[in-house]
Amino acid sequence: MTPSRHGSAVIEFPNELEVLITRRFDAPIALVFEVLTKPEHVRRWGATHPDRMLECSIDLRVGGGYHSSFVTEDGTVCSFSGTYLEVEPPIRTMATWRFEGTPPVEAVETMELHEIDAVTTLSWRLAFRDRTGRARMTSFDGQQDSLDEMGEILRSLLDRQETASE
Amino acid sequence: MSISEYLWVMARAATTSDVFNAVADVHRREILDVLIEGEKAVGAIVGDLSMSQPQVSKHLRVLSEVGLVRCRAEGRLRLYRLTPEHLRPLHDWVAKHERAMNDRLDRMDDYLQELQRQGDRNDT
């Protein structure tokens, strides 16, 4: 059994418009691609408890659309949709991405897979149309901010505090 | 794509706590950074950063109000030091962010492993 990769995703904010998430999987690239792009698979892992996935449709071809929606315990529904701009199985898809809110948030989503020695790396990049969009989806109080930078400061401060209290 | 849902989870977990607002400003984060080295007088903080003394004092006041720094007088000097325990809510928020994303990808990972185990069984 290979060691668990749970909790190993890396989240980065490379610039003020993008979010980049990287995660490795012990699985061949073709299978990872399928699990990411076929609705029957996505339905199996898509929603975080107690949220439920309501819809999931994926028309995987250039110009084809996808749509997924989720509902929370209190009944709030959120919906994502978009159109494929590039489809290159099993290594890459690029699509428009739209979060249906008021106002909606728009981005371009790029998913890239890369396999070395039976380990597949997923790079998932969202490039938001504007800074407000990214702020709304990732930040607090509408502030534009770098979580990376904040994360580092926090870690150094808390580490210090723990060392001091020993 | 359903990885996206994590962003929604976080958008719902947005907060407006005072500590968050205090560190949302890049200059105030720079001051916190400088104070990691230890207790410092206002003049020393000014010397370390490209900010004017009134600016630094203004930011220190905000940081004091939310309890992130504490001030004591030594003669004519006012010395500031970090009281990082008040950063805990912020740290927890960042951790929640990481967890929301990891939950989804961990679930996808478990599902991939399950599919592969099934595949192996079907082969034998």
# chains A, B, ... in the order shown; residues from 1 in each chain; ligands from 1
>>> select_by_dssp(residues="stretch 16-148 of chain A", states="strand (DSSP E or B)", output="count of residues only")
64
>>> select_by_dssp(residues="stretch 63-122 of chain B", states="helix (DSSP H, G or I)", output="PyMOL selection string")
chain B and resi 63-65+84-122
>>> write_last_selection(atoms="C-alpha atoms", output="CSV table (one decimal), in the first residue's frame")
chain,number,residue,atom,x,y,z
B,63,LEU,CA,-2.9,46.3,15.4
B,64,SER,CA,-3.1,47.2,19.1
B,65,GLU,CA,-6.9,47.6,19.0
B,84,PRO,CA,0.2,36.3,18.1
B,85,GLU,CA,-2.4,34.3,20.0
B,86,HIS,CA,-5.0,36.7,18.5
B,87,LEU,CA,-4.1,35.4,15.0
B,88,ARG,CA,-5.6,32.0,15.8
B,89,PRO,CA,-9.0,32.7,14.2
B,90,LEU,CA,-7.2,33.7,11.0
B,91,HIS,CA,-5.0,30.7,11.1
B,92,ASP,CA,-8.0,28.5,11.5
B,93,TRP,CA,-9.6,30.2,8.6
B,94,VAL,CA,-6.6,29.5,6.4
B,95,ALA,CA,-6.6,25.9,7.6
B,96,LYS,CA,-10.3,25.6,6.7
B,97,HIS,CA,-9.5,26.9,3.2
B,98,GLU,CA,-6.9,24.2,2.8
B,99,ARG,CA,-9.2,21.6,4.3
B,100,ALA,CA,-12.1,22.4,2.0
B,101,MET,CA,-9.9,21.9,-1.1
B,102,ASN,CA,-8.2,18.8,0.3
B,103,ASP,CA,-11.5,17.1,1.2
B,104,ARG,CA,-12.6,17.1,-2.3
B,105,LEU,CA,-9.3,15.9,-3.8
B,106,ASP,CA,-8.9,13.3,-1.1
B,107,ARG,CA,-12.3,12.0,-2.0
B,108,MET,CA,-11.4,11.8,-5.6
B,109,ASP,CA,-8.2,10.0,-4.6
B,110,ASP,CA,-10.1,7.4,-2.6
B,111,TYR,CA,-12.4,6.9,-5.5
B,112,LEU,CA,-9.5,6.4,-7.9
B,113,GLN,CA,-7.9,3.8,-5.6
B,114,GLU,CA,-11.3,2.0,-5.3
B,115,LEU,CA,-11.6,1.9,-9.1
B,116,GLN,CA,-8.1,0.5,-9.4
B,117,ARG,CA,-8.8,-2.2,-6.8
B,118,GLN,CA,-11.9,-3.2,-8.7
B,119,GLY,CA,-9.9,-3.2,-11.9
B,120,ASP,CA,-7.3,-5.5,-10.4
B,121,ARG,CA,-10.0,-7.9,-9.1
B,122,ASN,CA,-11.6,-8.0,-12.5
>>> closest_residue(among="A:Pro39, A:Ile29, A:Glu34, A:Trp45", to="chain B", atoms="only C-alpha atoms")
A:Trp45
>>> closest_residue(among="A:Val62, A:Ala47, A:Met94, A:Ala30", to="chain B", atoms="only C-alpha atoms")
A:Ala47
>>> closest_residue(among="A:Leu17, A:Phe25, A:Thr37, A:Asp51", to="A:Ala107", atoms="only C-alpha atoms")
A:Leu17
>>> atom_distance(atom1="atom CA of A:Arg92", atom2="atom CA of A:Glu112")
4.5 Å
>>> closest_residue(among="B:Arg70, B:His59, B:Arg78, B:Lys40", to="B:Val26", atoms="only C-alpha atoms")
B:His59
